[in-house]
>>> print(open('my_file.cif').read())   # mmCIF, N, CA, C and O atoms and all ligand atoms
data_structure
loop_
_atom_site.label_atom_id
_atom_site.label_comp_id
_atom_site.auth_asym_id
_atom_site.auth_seq_id
_atom_site.Cartn_x
_atom_site.Cartn_y
_atom_site.Cartn_z
N MET A 6 -12.40 29.84 56.81
CA MET A 6 -13.27 30.61 55.92
C MET A 6 -14.59 29.87 55.78
O MET A 6 -14.61 28.69 55.52
N LYS A 7 -15.69 30.60 55.96
CA LYS A 7 -17.01 30.01 55.74
C LYS A 7 -17.62 30.64 54.51
O LYS A 7 -17.56 31.87 54.35
N TRP A 8 -18.22 29.81 53.64
CA TRP A 8 -18.77 30.30 52.38
C TRP A 8 -20.29 30.31 52.43
O TRP A 8 -20.89 29.36 52.93
N PHE A 9 -20.86 31.39 51.93
CA PHE A 9 -22.32 31.54 51.90
C PHE A 9 -22.75 31.90 50.49
O PHE A 9 -22.12 32.74 49.83
N LYS A 10 -23.85 31.29 50.07
CA LYS A 10 -24.37 31.59 48.73
C LYS A 10 -24.97 32.99 48.71
O LYS A 10 -25.78 33.33 49.58
N ALA A 11 -24.55 33.81 47.75
CA ALA A 11 -25.04 35.19 47.66
C ALA A 11 -26.11 35.33 46.58
O ALA A 11 -27.10 36.03 46.77
N LEU A 12 -25.89 34.69 45.44
CA LEU A 12 -26.79 34.86 44.29
C LEU A 12 -26.85 33.57 43.48
O LEU A 12 -25.86 32.83 43.40
N ASN A 13 -27.99 33.34 42.84
CA ASN A 13 -28.04 32.32 41.80
C ASN A 13 -27.31 32.87 40.59
O ASN A 13 -27.18 34.10 40.44
N LYS A 14 -26.87 31.97 39.71
CA LYS A 14 -26.10 32.44 38.54
C LYS A 14 -26.83 33.51 37.75
O LYS A 14 -26.24 34.49 37.30
N ILE A 15 -28.13 33.32 37.59
CA ILE A 15 -28.92 34.24 36.77
C ILE A 15 -29.04 35.63 37.42
O ILE A 15 -29.33 36.62 36.74
N GLN A 16 -28.79 35.72 38.73
CA GLN A 16 -28.92 37.00 39.45
C GLN A 16 -27.62 37.80 39.48
O GLN A 16 -27.61 38.95 39.92
N ILE A 17 -26.53 37.22 39.01
CA ILE A 17 -25.23 37.90 39.03
C ILE A 17 -25.32 39.15 38.16
O ILE A 17 -25.82 39.08 37.03
N PRO A 18 -24.87 40.30 38.69
CA PRO A 18 -25.02 41.53 37.90
C PRO A 18 -24.29 41.49 36.56
O PRO A 18 -23.24 40.86 36.44
N ASN A 19 -24.88 42.14 35.58
CA ASN A 19 -24.25 42.23 34.25
C ASN A 19 -22.99 43.08 34.34
O ASN A 19 -22.79 43.79 35.32
N SER A 20 -22.20 43.02 33.28
CA SER A 20 -20.94 43.77 33.27
C SER A 20 -21.19 45.24 33.58
O SER A 20 -22.15 45.84 33.08
N ASP A 21 -20.33 45.79 34.42
CA ASP A 21 -20.37 47.19 34.82
C ASP A 21 -21.66 47.58 35.53
O ASP A 21 -22.23 48.65 35.29
N SER A 22 -22.11 46.68 36.40
CA SER A 22 -23.23 47.06 37.26
C SER A 22 -23.00 46.51 38.67
O SER A 22 -22.12 45.69 38.90
N ILE A 23 -23.79 47.03 39.60
CA ILE A 23 -23.61 46.75 41.03
C ILE A 23 -24.95 46.32 41.61
O ILE A 23 -25.98 46.93 41.33
N LYS A 24 -24.92 45.26 42.41
CA LYS A 24 -26.14 44.77 43.03
C LYS A 24 -25.92 44.67 44.54
O LYS A 24 -24.85 44.27 44.99
N THR A 25 -26.92 45.07 45.30
CA THR A 25 -26.84 44.97 46.76
C THR A 25 -27.48 43.67 47.21
O THR A 25 -28.58 43.34 46.75
N VAL A 26 -26.80 42.95 48.09
CA VAL A 26 -27.34 41.68 48.60
C VAL A 26 -27.09 41.61 50.11
O VAL A 26 -26.26 42.34 50.64
N GLU A 27 -27.84 40.73 50.75
CA GLU A 27 -27.59 40.46 52.16
C GLU A 27 -27.07 39.04 52.27
O GLU A 27 -27.72 38.10 51.80
N VAL A 28 -25.88 38.87 52.83
CA VAL A 28 -25.25 37.56 52.96
C VAL A 28 -24.73 37.41 54.38
O VAL A 28 -24.02 38.30 54.87
N ASN A 29 -25.05 36.31 55.01
CA ASN A 29 -24.56 36.05 56.36
C ASN A 29 -24.82 37.23 57.29
O ASN A 29 -23.98 37.61 58.10
N GLY A 30 -25.99 37.86 57.14
CA GLY A 30 -26.37 38.98 58.00
C GLY A 30 -25.67 40.29 57.68
O GLY A 30 -25.81 41.26 58.42
N LYS A 31 -24.92 40.34 56.60
CA LYS A 31 -24.22 41.57 56.22
C LYS A 31 -24.72 42.05 54.87
O LYS A 31 -24.94 41.24 53.97
N GLN A 32 -24.88 43.36 54.73
CA GLN A 32 -25.23 43.91 53.43
C GLN A 32 -23.94 44.14 52.63
O GLN A 32 -23.01 44.77 53.13
N LEU A 33 -23.90 43.59 51.43
CA LEU A 33 -22.72 43.71 50.57
C LEU A 33 -23.12 44.25 49.20
O LEU A 33 -24.28 44.17 48.82
N CYS A 34 -22.14 44.76 48.47
CA CYS A 34 -22.34 45.09 47.07
C CYS A 34 -21.58 44.07 46.23
O CYS A 34 -20.40 43.80 46.50
N ILE A 35 -22.26 43.49 45.27
CA ILE A 35 -21.62 42.58 44.32
C ILE A 35 -21.41 43.39 43.06
O ILE A 35 -22.37 43.91 42.47
N ILE A 36 -20.16 43.51 42.66
CA ILE A 36 -19.79 44.42 41.57
C ILE A 36 -19.23 43.62 40.41
O ILE A 36 -18.35 42.78 40.60
N ASN A 37 -19.76 43.89 39.25
CA ASN A 37 -19.23 43.28 38.04
C ASN A 37 -18.49 44.37 37.26
O ASN A 37 -19.11 45.25 36.66
N ASN A 38 -17.16 44.31 37.32
CA ASN A 38 -16.35 45.28 36.60
C ASN A 38 -15.62 44.54 35.48
O ASN A 38 -14.72 43.74 35.75
N ASP A 39 -16.03 44.77 34.23
CA ASP A 39 -15.42 44.07 33.09
C ASP A 39 -15.47 42.56 33.26
O ASP A 39 -14.47 41.86 33.04
N ASN A 40 -16.59 42.06 33.75
CA ASN A 40 -16.83 40.63 33.97
C ASN A 40 -15.94 40.02 35.06
O ASN A 40 -15.77 38.82 35.12
N LYS A 41 -15.40 40.87 35.92
CA LYS A 41 -14.72 40.38 37.11
C LYS A 41 -15.60 40.73 38.31
O LYS A 41 -15.97 41.90 38.50
N ILE A 42 -15.96 39.69 39.07
CA ILE A 42 -16.89 39.89 40.19
C ILE A 42 -16.12 40.17 41.48
O ILE A 42 -15.17 39.47 41.82
N THR A 43 -16.57 41.21 42.19
CA THR A 43 -15.98 41.56 43.49
C THR A 43 -17.11 41.81 44.48
O THR A 43 -18.13 42.40 44.13
N ALA A 44 -16.91 41.36 45.72
CA ALA A 44 -17.88 41.63 46.79
C ALA A 44 -17.24 42.61 47.78
O ALA A 44 -16.12 42.39 48.24
N THR A 45 -17.94 43.70 48.06
CA THR A 45 -17.42 44.71 48.99
C THR A 45 -18.48 45.04 50.04
O THR A 45 -19.66 44.73 49.87
N GLN A 46 -18.04 45.73 51.08
CA GLN A 46 -19.02 46.31 52.01
C GLN A 46 -19.88 47.28 51.21
O GLN A 46 -19.45 47.76 50.14
N SER A 47 -21.09 47.57 51.71
CA SER A 47 -22.00 48.38 50.88
C SER A 47 -21.92 49.87 51.17
O SER A 47 -22.34 50.68 50.35
N TYR A 48 -21.38 50.26 52.36
CA TYR A 48 -21.34 51.68 52.70
C TYR A 48 -19.93 52.24 52.63
O TYR A 48 -18.97 51.59 53.03
N CYS A 49 -19.82 53.43 52.14
CA CYS A 49 -18.53 54.12 52.03
C CYS A 49 -18.04 54.54 53.41
O CYS A 49 -18.81 55.14 54.19
N PRO A 50 -16.76 54.29 53.72
CA PRO A 50 -16.25 54.67 55.05
C PRO A 50 -16.09 56.19 55.22
O PRO A 50 -15.95 56.67 56.33
N HIS A 51 -16.13 56.93 54.12
CA HIS A 51 -15.94 58.38 54.23
C HIS A 51 -17.11 59.03 54.95
O HIS A 51 -16.92 59.65 56.00
N ALA A 52 -18.31 58.89 54.42
CA ALA A 52 -19.47 59.52 55.07
C ALA A 52 -20.74 58.71 54.85
O ALA A 52 -21.84 59.25 54.88
N GLY A 53 -20.57 57.41 54.63
CA GLY A 53 -21.73 56.52 54.59
C GLY A 53 -22.49 56.45 53.29
O GLY A 53 -23.60 55.92 53.25
N GLY A 54 -21.93 56.97 52.20
CA GLY A 54 -22.60 56.84 50.90
C GLY A 54 -22.79 55.37 50.55
O GLY A 54 -22.00 54.52 50.96
N HIS A 55 -23.87 55.10 49.82
CA HIS A 55 -24.13 53.69 49.46
C HIS A 55 -23.52 53.41 48.09
O HIS A 55 -23.80 54.11 47.13
N PHE A 56 -22.70 52.35 48.05
CA PHE A 56 -21.99 52.05 46.81
C PHE A 56 -22.90 51.56 45.68
O PHE A 56 -22.45 51.49 44.53
N SER A 57 -24.15 51.23 45.98
CA SER A 57 -25.04 50.74 44.91
C SER A 57 -25.22 51.80 43.82
O SER A 57 -25.49 51.47 42.67
N GLY A 58 -25.04 53.07 44.18
CA GLY A 58 -25.17 54.15 43.19
C GLY A 58 -23.83 54.53 42.56
O GLY A 58 -23.75 55.48 41.79
N GLY A 59 -22.79 53.78 42.91
CA GLY A 59 -21.45 54.10 42.42
C GLY A 59 -21.18 53.48 41.06
O GLY A 59 -22.07 52.93 40.41
N TRP A 60 -19.93 53.57 40.65
CA TRP A 60 -19.51 53.01 39.37
C TRP A 60 -18.02 52.65 39.45
O TRP A 60 -17.35 52.98 40.44
N CYS A 61 -17.53 51.99 38.42
CA CYS A 61 -16.13 51.55 38.40
C CYS A 61 -15.34 52.35 37.37
O CYS A 61 -15.87 52.71 36.32
N LYS A 62 -14.07 52.61 37.73
CA LYS A 62 -13.18 53.31 36.80
C LYS A 62 -11.76 52.84 37.07
O LYS A 62 -11.30 52.90 38.22
N ASN A 63 -11.10 52.35 36.04
CA ASN A 63 -9.70 51.90 36.16
C ASN A 63 -9.48 50.92 37.32
O ASN A 63 -8.52 51.05 38.07
N GLY A 64 -10.40 49.99 37.50
CA GLY A 64 -10.24 48.99 38.57
C GLY A 64 -10.58 49.50 39.96
O GLY A 64 -10.32 48.83 40.95
N ASN A 65 -11.13 50.71 40.03
CA ASN A 65 -11.54 51.26 41.33
C ASN A 65 -13.05 51.42 41.39
O ASN A 65 -13.71 51.63 40.37
N LEU A 66 -13.56 51.32 42.61
CA LEU A 66 -14.97 51.62 42.86
C LEU A 66 -15.07 53.08 43.24
O LEU A 66 -14.34 53.55 44.13
N ILE A 67 -15.97 53.81 42.59
CA ILE A 67 -16.14 55.24 42.87
C ILE A 67 -17.42 55.43 43.67
O ILE A 67 -18.49 54.98 43.26
N CYS A 68 -17.30 56.09 44.82
CA CYS A 68 -18.48 56.37 45.64
C CYS A 68 -19.27 57.51 44.98
O CYS A 68 -18.69 58.51 44.56
N PRO A 69 -20.60 57.38 44.92
CA PRO A 69 -21.39 58.41 44.21
C PRO A 69 -21.52 59.72 44.97
O PRO A 69 -21.90 60.73 44.39
N ILE A 70 -21.18 59.74 46.25
CA ILE A 70 -21.42 60.96 47.03
C ILE A 70 -20.31 62.00 46.83
O ILE A 70 -20.57 63.12 46.40
N HIS A 71 -19.08 61.66 47.16
CA HIS A 71 -17.98 62.63 46.98
C HIS A 71 -16.90 62.10 46.05
O HIS A 71 -15.81 62.65 45.98
N ARG A 72 -17.20 60.98 45.40
CA ARG A 72 -16.33 60.39 44.37
C ARG A 72 -14.96 59.94 44.90
O ARG A 72 -13.98 60.00 44.17
N TRP A 73 -14.91 59.54 46.15
CA TRP A 73 -13.68 58.92 46.62
C TRP A 73 -13.58 57.56 45.95
O TRP A 73 -14.59 56.95 45.58
N GLU A 74 -12.32 57.07 45.82
CA GLU A 74 -12.07 55.84 45.06
C GLU A 74 -11.47 54.76 45.95
O GLU A 74 -10.64 55.05 46.80
N TYR A 75 -11.87 53.52 45.67
CA TYR A 75 -11.35 52.37 46.41
C TYR A 75 -10.96 51.28 45.43
O TYR A 75 -11.75 50.94 44.53
N SER A 76 -9.78 50.70 45.62
CA SER A 76 -9.32 49.62 44.74
C SER A 76 -10.22 48.41 44.89
O SER A 76 -10.50 47.96 46.01
N LEU A 77 -10.65 47.86 43.76
CA LEU A 77 -11.47 46.65 43.80
C LEU A 77 -10.62 45.41 44.07
O LEU A 77 -11.15 44.33 44.32
N THR A 78 -9.31 45.56 44.03
CA THR A 78 -8.42 44.43 44.31
C THR A 78 -8.03 44.38 45.78
O THR A 78 -8.13 43.35 46.43
N THR A 79 -7.60 45.54 46.32
CA THR A 79 -7.09 45.55 47.70
C THR A 79 -8.06 46.20 48.69
O THR A 79 -7.91 46.02 49.89
N GLY A 80 -9.01 47.00 48.20
CA GLY A 80 -9.91 47.74 49.08
C GLY A 80 -9.34 49.09 49.52
O GLY A 80 -10.03 49.87 50.17
N ARG A 81 -8.08 49.32 49.21
CA ARG A 81 -7.43 50.56 49.63
C ARG A 81 -8.04 51.81 49.01
O ARG A 81 -8.31 51.83 47.81
N GLY A 82 -8.17 52.86 49.80
CA GLY A 82 -8.60 54.14 49.28
C GLY A 82 -7.48 54.76 48.46
O GLY A 82 -6.30 54.42 48.65
N ALA A 83 -7.83 55.66 47.57
CA ALA A 83 -6.83 56.34 46.74
C ALA A 83 -5.88 57.14 47.64
O ALA A 83 -6.19 57.41 48.80
N GLU A 84 -4.73 57.49 47.07
CA GLU A 84 -3.71 58.21 47.81
C GLU A 84 -4.30 59.45 48.49
O GLU A 84 -5.05 60.21 47.87
N GLY A 85 -3.98 59.62 49.74
CA GLY A 85 -4.45 60.79 50.48
C GLY A 85 -5.74 60.54 51.24
O GLY A 85 -6.07 61.30 52.15
N GLN A 86 -6.47 59.49 50.90
CA GLN A 86 -7.72 59.23 51.62
C GLN A 86 -7.46 58.58 52.98
O GLN A 86 -8.16 58.85 53.94
N GLY A 87 -6.50 57.67 53.02
CA GLY A 87 -6.16 57.03 54.29
C GLY A 87 -7.23 56.10 54.82
O GLY A 87 -7.35 55.93 56.04
N ASP A 88 -8.03 55.54 53.95
CA ASP A 88 -9.04 54.59 54.43
C ASP A 88 -9.12 53.39 53.49
O ASP A 88 -8.34 53.28 52.54
N TYR A 89 -10.00 52.50 53.78
CA TYR A 89 -10.14 51.29 52.96
C TYR A 89 -11.55 50.72 53.10
O TYR A 89 -12.28 51.11 54.02
N ILE A 90 -11.90 49.81 52.20
CA ILE A 90 -13.16 49.08 52.32
C ILE A 90 -12.86 47.59 52.41
O ILE A 90 -11.79 47.14 51.97
N ASN A 91 -13.77 46.85 52.98
CA ASN A 91 -13.61 45.40 53.07
C ASN A 91 -13.96 44.76 51.73
O ASN A 91 -14.99 45.09 51.13
N ILE A 92 -13.07 43.87 51.29
CA ILE A 92 -13.31 43.08 50.08
C ILE A 92 -13.47 41.63 50.54
O ILE A 92 -12.65 41.15 51.33
N TYR A 93 -14.48 40.97 50.06
CA TYR A 93 -14.74 39.58 50.45
C TYR A 93 -14.43 38.66 49.28
O TYR A 93 -14.77 38.97 48.14
N PRO A 94 -13.81 37.50 49.56
CA PRO A 94 -13.53 36.56 48.47
C PRO A 94 -14.81 36.01 47.85
O PRO A 94 -15.81 35.83 48.57
N THR A 95 -14.79 35.80 46.56
CA THR A 95 -15.96 35.24 45.87
C THR A 95 -15.55 33.97 45.13
O THR A 95 -14.39 33.80 44.77
N GLU A 96 -16.53 33.11 44.93
CA GLU A 96 -16.28 31.87 44.20
C GLU A 96 -17.53 31.55 43.38
O GLU A 96 -18.63 31.53 43.93
N LEU A 97 -17.32 31.35 42.08
CA LEU A 97 -18.45 30.98 41.23
C LEU A 97 -18.55 29.46 41.22
O LEU A 97 -17.61 28.78 40.80
N ARG A 98 -19.66 28.94 41.72
CA ARG A 98 -19.86 27.49 41.76
C ARG A 98 -20.99 27.11 40.81
O ARG A 98 -21.65 27.98 40.25
N GLU A 99 -21.20 25.82 40.69
CA GLU A 99 -22.23 25.28 39.80
C GLU A 99 -23.60 25.94 40.03
O GLU A 99 -24.30 26.27 39.07
N ASP A 100 -23.95 26.17 41.30
CA ASP A 100 -25.28 26.69 41.61
C ASP A 100 -25.31 28.19 41.92
O ASP A 100 -26.33 28.71 42.33
N GLY A 101 -24.21 28.89 41.74
CA GLY A 101 -24.27 30.33 41.95
C GLY A 101 -22.99 30.92 42.51
O GLY A 101 -21.94 30.27 42.54
N LEU A 102 -23.13 32.17 42.96
CA LEU A 102 -21.97 32.92 43.48
C LEU A 102 -21.93 32.81 45.01
O LEU A 102 -22.92 33.08 45.68
N TYR A 103 -20.76 32.46 45.52
CA TYR A 103 -20.56 32.34 46.96
C TYR A 103 -19.59 33.42 47.44
O TYR A 103 -18.68 33.81 46.71
N VAL A 104 -19.81 33.86 48.69
CA VAL A 104 -18.93 34.84 49.30
C VAL A 104 -18.33 34.21 50.57
O VAL A 104 -19.05 33.55 51.33
N GLY A 105 -17.03 34.43 50.75
CA GLY A 105 -16.34 33.85 51.90
C GLY A 105 -16.16 34.85 53.03
O GLY A 105 -15.87 36.02 52.80
N PHE A 106 -16.34 34.37 54.25
CA PHE A 106 -16.14 35.21 55.44
C PHE A 106 -15.11 34.55 56.35
O PHE A 106 -15.20 33.34 56.61
N GLU A 107 -14.17 35.36 56.80
CA GLU A 107 -13.20 34.86 57.78
C GLU A 107 -13.96 34.47 59.04
O GLU A 107 -14.89 35.17 59.44
N GLU A 108 -13.54 33.38 59.66
CA GLU A 108 -14.16 32.99 60.92
C GLU A 108 -13.41 33.69 62.04
O GLU A 108 -12.20 33.64 62.10
N SER A 109 -14.16 34.33 62.91
CA SER A 109 -13.50 35.02 64.03
C SER A 109 -13.11 34.00 65.09
O SER A 109 -13.65 32.90 65.14
N TRP A 110 -12.16 34.37 65.94
CA TRP A 110 -11.75 33.46 67.02
C TRP A 110 -12.95 33.14 67.90
O TRP A 110 -13.08 32.06 68.44
N TRP A 111 -13.88 34.08 68.03
CA TRP A 111 -15.05 33.89 68.88
C TRP A 111 -15.94 32.77 68.32
O TRP A 111 -16.37 31.87 69.06
N ASN A 112 -16.18 32.81 66.98
CA ASN A 112 -17.00 31.77 66.36
C ASN A 112 -16.34 30.40 66.47
O ASN A 112 -17.01 29.40 66.70
N LYS A 113 -15.00 30.38 66.29
CA LYS A 113 -14.29 29.10 66.35
C LYS A 113 -14.40 28.50 67.74
O LYS A 113 -14.54 27.30 67.92
N LEU A 114 -14.34 29.36 68.73
CA LEU A 114 -14.38 28.92 70.12
C LEU A 114 -15.71 28.23 70.44
O LEU A 114 -15.76 27.25 71.18
N TRP A 115 -16.79 28.73 69.86
CA TRP A 115 -18.12 28.25 70.25
C TRP A 115 -18.76 27.32 69.23
O TRP A 115 -19.90 26.92 69.40
N SER A 116 -18.07 26.99 68.13
CA SER A 116 -18.70 26.09 67.17
C SER A 116 -18.16 24.67 67.30
O SER A 116 -17.26 24.40 68.03
S1 LIG B 201 -19.52 59.28 51.32
FE1 LIG B 201 -18.34 58.19 49.87
S2 LIG B 201 -16.90 59.63 49.19
FE2 LIG B 201 -17.97 60.69 50.71
#
>>> encode(input="my_file.cif", output="structure tokens", more="lines below")
Ligand code: FES
Amino acid sequence: MKWFKALNKIQIPNSDSIKTVEVNGKQLCIINNDNKITATQSYCPHAGGHFSGGWCKNGNLICPIHRWEYSLTTGRGAEGQGDYINIYPTELREDGLYVGFEESWWNKLWS
């Protein structure tokens, strides 16, 4: 796992808000749901809606376009959707919020 700094502490979104950031060349949404921070992919797998306009309900992220729901814990879509979103591990450190990325076999081979 490789960790990259996403935000300074002061930039972390307030409770029940969503911020879009670019980390390690990927656009992510940093979501504060009841003061629990989650990092997800930024686009909805259904039809490409941007989660920055979404909101949280009962531990799920709601896409603003067609209101499909994704678990903020597992990334799984609600029953019947048959899809999922990527959830990235986060770590709050002294100097800010970090997001972890799995290292691919390709990166390991060449680093
Ligand atoms: S684009 Fe997200 S629910 Fe349709």
>>> residues_around(input="my_file.cif", residues="segment 21-37 of chain A", least_positions_apart="2", cutoff="10 Å", atoms="only C-alpha atoms", output="PyMOL selection string")
chain A and resi 7-12+16-19+39-48+55-62+66+77+91-93+95+102-106
>>> atom_distance(input="my_file.cif", atom1="atom C of Arg72 of chain A", atom2="atom S2 of ligand LIG 201 (chain B)")
4.7 Å
>>> select_by_dssp(input="my_file.cif", residues="chain A", states="alpha helix (DSSP H)", output="NGL selection string")
:A and (110-115)
>>> atom_distance(input="my_file.cif", atom1="atom CA of Arg81 of chain A", atom2="atom FE2 of ligand LIG 201 (chain B)")
14.7 Å
>>> atom_distance(input="my_file.cif", atom1="atom CA of Glu107 of chain A", atom2="atom O of Met6 of chain A")
6.7 Å
>>> closest_atom_pairs(input="my_file.cif", of="chain A", to="ligand LIG 201 (chain B)", cutoff="8 Å", atoms="only C-alpha atoms and all ligand atoms", output="JSON lines")
{"residue": "A:Tyr48", "atom": "CA", "partner": "B:LIG201", "partner_atom": "FE1", "distance": 7.7}
{"residue": "A:Cys49", "atom": "CA", "partner": "B:LIG201", "partner_atom": "FE1", "distance": 4.6}
{"residue": "A:Pro50", "atom": "CA", "partner": "B:LIG201", "partner_atom": "FE1", "distance": 6.6}
{"residue": "A:His51", "atom": "CA", "partner": "B:LIG201", "partner_atom": "FE2", "distance": 4.7}
{"residue": "A:Ala52", "atom": "CA", "partner": "B:LIG201", "partner_atom": "S1", "distance": 3.8}
{"residue": "A:Gly53", "atom": "CA", "partner": "B:LIG201", "partner_atom": "S1", "distance": 4.8}
{"residue": "A:Gly54", "atom": "CA", "partner": "B:LIG201", "partner_atom": "S1", "distance": 4.0}
{"residue": "A:His55", "atom": "CA", "partner": "B:LIG201", "partner_atom": "FE1", "distance": 7.3}
{"residue": "A:Phe56", "atom": "CA", "partner": "B:LIG201", "partner_atom": "FE1", "distance": 7.8}
{"residue": "A:Ile67", "atom": "CA", "partner": "B:LIG201", "partner_atom": "S2", "distance": 7.7}
{"residue": "A:Cys68", "atom": "CA", "partner": "B:LIG201", "partner_atom": "FE1", "distance": 4.6}
{"residue": "A:Pro69", "atom": "CA", "partner": "B:LIG201", "partner_atom": "FE1", "distance": 6.4}
{"residue": "A:Ile70", "atom": "CA", "partner": "B:LIG201", "partner_atom": "S1", "distance": 5.0}
{"residue": "A:His71", "atom": "CA", "partner": "B:LIG201", "partner_atom": "S2", "distance": 3.9}
{"residue": "A:Arg72", "atom": "CA", "partner": "B:LIG201", "partner_atom": "S2", "distance": 4.9}
{"residue": "A:Trp73", "atom": "CA", "partner": "B:LIG201", "partner_atom": "S2", "distance": 4.2}
{"residue": "A:Glu74", "atom": "CA", "partner": "B:LIG201", "partner_atom": "S2", "distance": 7.4}
>>> closest_residue(input="my_file.cif", among="A:Asn38, A:Thr79, A:Asp100, A:Ser109", to="Asn13 of chain A", atoms="only N, CA, C and O atoms")
A:Asp100
>>> select_by_dssp(input="my_file.cif", residues="chain A", states="strand (DSSP E)", output="MDAnalysis selection string")
chainID A and resid 7:12 22:28 31:38 41:46 60:62 65:67 74:76 92:93 95:98 101:106
>>> axis_aligned_box(input="my_file.cif", around="segment 63-71 of chain A", padding_each_side="4 Å", output="AutoDock Vina command-line options")
--center_x -15.2 --center_y 56.0 --center_z 41.6 --size_x 21.4 --size_y 22.3 --size_z 19.1
>>> build_atoms(input="my_file.cif", residues="segment 39-45 of chain A", atoms="all heavy atoms", output="short mmCIF file (atom, residue, chain, number, x, y, z; two decimals), keeping the file's coordinate frame")
data_model
loop_
_atom_site.label_atom_id
_atom_site.label_comp_id
_atom_site.auth_asym_id
_atom_site.auth_seq_id
_atom_site.Cartn_x
_atom_site.Cartn_y
_atom_site.Cartn_z
N ASP A 39 -16.03 44.77 34.23
CA ASP A 39 -15.42 44.07 33.09
C ASP A 39 -15.47 42.56 33.26
O ASP A 39 -14.47 41.86 33.04
CB ASP A 39 -13.96 44.50 32.89
CG ASP A 39 -13.88 45.82 32.15
OD1 ASP A 39 -14.88 46.19 31.48
OD2 ASP A 39 -12.84 46.48 32.25
N ASN A 40 -16.59 42.06 33.75
CA ASN A 40 -16.83 40.63 33.97
C ASN A 40 -15.94 40.02 35.06
O ASN A 40 -15.77 38.82 35.12
CB ASN A 40 -16.73 39.84 32.67
CG ASN A 40 -17.87 40.18 31.75
OD1 ASN A 40 -19.01 40.28 32.21
ND2 ASN A 40 -17.58 40.41 30.49
N LYS A 41 -15.40 40.87 35.92
CA LYS A 41 -14.72 40.38 37.11
C LYS A 41 -15.60 40.73 38.31
O LYS A 41 -15.97 41.90 38.50
CB LYS A 41 -13.34 41.04 37.25
CG LYS A 41 -12.53 40.46 38.39
CD LYS A 41 -11.16 41.11 38.48
CE LYS A 41 -10.35 40.53 39.61
NZ LYS A 41 -10.95 40.67 40.92
N ILE A 42 -15.96 39.69 39.07
CA ILE A 42 -16.89 39.89 40.19
C ILE A 42 -16.12 40.17 41.48
O ILE A 42 -15.17 39.47 41.82
CB ILE A 42 -17.76 38.63 40.39
CG1 ILE A 42 -18.52 38.27 39.10
CG2 ILE A 42 -18.71 38.80 41.58
CD1 ILE A 42 -19.57 39.28 38.70
N THR A 43 -16.57 41.21 42.19
CA THR A 43 -15.98 41.56 43.49
C THR A 43 -17.11 41.81 44.48
O THR A 43 -18.13 42.40 44.13
CB THR A 43 -15.13 42.86 43.39
OG1 THR A 43 -14.19 42.70 42.33
CG2 THR A 43 -14.38 43.13 44.68
N ALA A 44 -16.91 41.36 45.72
CA ALA A 44 -17.88 41.63 46.79
C ALA A 44 -17.24 42.61 47.78
O ALA A 44 -16.12 42.39 48.24
CB ALA A 44 -18.26 40.34 47.50
N THR A 45 -17.94 43.70 48.06
CA THR A 45 -17.42 44.71 48.99
C THR A 45 -18.48 45.04 50.04
O THR A 45 -19.66 44.73 49.87
CB THR A 45 -17.08 46.04 48.27
OG1 THR A 45 -18.31 46.67 47.87
CG2 THR A 45 -16.21 45.82 47.05
#
